[in-house]
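So the structure is just underneath, and the comments pick up after that.
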Amino acid sequence: LIALMLAQRNLALSIDAIDIDNAAIKQAEDNIKHSPFDDRVKSYAISLQQMAEKTDKKYDAIVSNPPYFINSLKSPDVQRSLARHTDSLSVDELIALSSRLLSDKGRVSIIFPYEYADDLMEIAEKNGLYTSRVTTVFSTPTSLPKRILLEFSRENITLVKDVLTIERERHAYTEEFTSLVKAFYLKM
């Protein structure tokens with residue numbers, strides 16, 4: 001889904017999408033085949049670790065919604081737990097391998113629970129990456145921050161900080177959020 005969203009946003013991109021879940025890749029292949037972007041998006045059933053080992057290719061953009069539950073209760077559904085928990089891909093590995101696959105001008109963008117922001121920025125710095133953008137995500141204007149969107153770069157550029165609030169109130173989306181996602185959701 002993320003790969004198709006990127007393709008929709010930028011018609012010049014050539015995209016390699018990876019996932020370790022074979023069922024997810026099969027669904028992705030079907031979605032890609034039925035999209036107008038099937039000539040630019042390729043999907044692979046491979047882990048990030050295997051990808052980094054097998055390729056010398058450097059990427060200008062790496063976008064990830066990684067597994068981010070650390071030491072938390074797991075689902076009885078093995079595939080769901082694999083996709084959501086860091087057992088198969090630690091945060092340290094995610095950042096280190098992304099740094100290795102990144103071109104000199106490239107960017108790594110990830111989403112993570114808010115409480116891990118400082119740890120992620122520290123790990124990125126240890127891997128030669130600078131934090132270039134931080135977006136704090138709030139569910140509602142009165143809620144505590146829920147997620148953090150982080151962008152890392154090899155270049156030490158001016159840090160951009162902003163906030164995204166998803167809903168004004170339950171099921172009433174903010175204009176900013178609606179504008180951001182309306183191209184992807186029919187109900188927007």
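Labels used: A, B, ... for chains in the order of the structure tokens, numbers from 1 for residues in each chain, and numbers from 1 for ligands as shown.
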
> Skipping near chain neighbours, those fewer than 3 positions away, what residues fall within 8 Å of Ile18 of chain A using only C-alpha atoms, listed as a ChimeraX atom specification?
Replying inline: /A:25,43-48

>> Show me, as a ChimeraX atom specification, the residues that have an atom within 9 Å of segment 131-148 of chain A when counting only C-alpha atoms, minus same-chain residues fewer than 4 positions from it.
In response: /A:107,109-117,121,124-125,152-170,174

>> Need the shell around segment 96-100 of chain A: protein/DNA/RNA residues with any atom at most 10 Å away, counting only C-alpha atoms. Skip same-chain ones fewer than 2 positions apart. Format as a PyMOL selection string?
In response: chain A and resi 48-53+56-59+61-64+90-94+102-104+106-109+123-124+126-129+152-154

> Quick one: DSSP strand (DSSP E or B) residues in segment 8-157 of chain A, as a count of residues only?
Replying inline: 48

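The alpha helix (DSSP H) portion of segment 12-74 of chain A consists of Asn22, Ala23, Ala24, Ile25, Lys26, Gln27, Ala28, Glu29, Asp30, Asn31, Ile32, Lys33, Leu48, Gln49, Gln50, Met51, Ala52, Glu53 and Lys54 of chain A, with states taken from DSSP on the backbone.
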
> Skipping near chain neighbours, those fewer than 6 positions away, what residues fall within 12 Å of Lys187 of chain A using only C-alpha atoms, listed as a list in words?
Replying inline: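 Using only C-alpha atoms, the neighbours found are His171, Ala172, Tyr173, Thr178 and Val181 of chain A.
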
Keeping only N, CA and C atoms, take the residues you just selected and write them out as a PDB file, in the first residue's frame.
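Okay, this is what ended up in again.pdb:
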ATOM      1  N   HIS A 171     -14.319  10.998  14.372  1.00  0.00           N
ATOM      2  CA  HIS A 171     -14.800  10.862  12.992  1.00  0.00           C
ATOM      3  C   HIS A 171     -14.985  12.189  12.251  1.00  0.00           C
ATOM      4  N   ALA A 172     -14.440  13.263  12.785  1.00  0.00           N
ATOM      5  CA  ALA A 172     -14.456  14.563  12.098  1.00  0.00           C
ATOM      6  C   ALA A 172     -12.992  14.942  11.843  1.00  0.00           C
ATOM      7  N   TYR A 173     -12.518  14.626  10.652  1.00  0.00           N
ATOM      8  CA  TYR A 173     -11.102  14.793  10.330  1.00  0.00           C
ATOM      9  C   TYR A 173     -10.730  16.253  10.116  1.00  0.00           C
ATOM     10  N   THR A 178      -7.225  15.597   6.025  1.00  0.00           N
ATOM     11  CA  THR A 178      -8.029  15.307   4.841  1.00  0.00           C
ATOM     12  C   THR A 178      -7.264  15.657   3.575  1.00  0.00           C
ATOM     13  N   VAL A 181      -4.546  12.997   2.826  1.00  0.00           N
ATOM     14  CA  VAL A 181      -4.910  11.620   2.453  1.00  0.00           C
ATOM     15  C   VAL A 181      -6.056  11.492   1.460  1.00  0.00           C
TER      16      VAL A 181
END
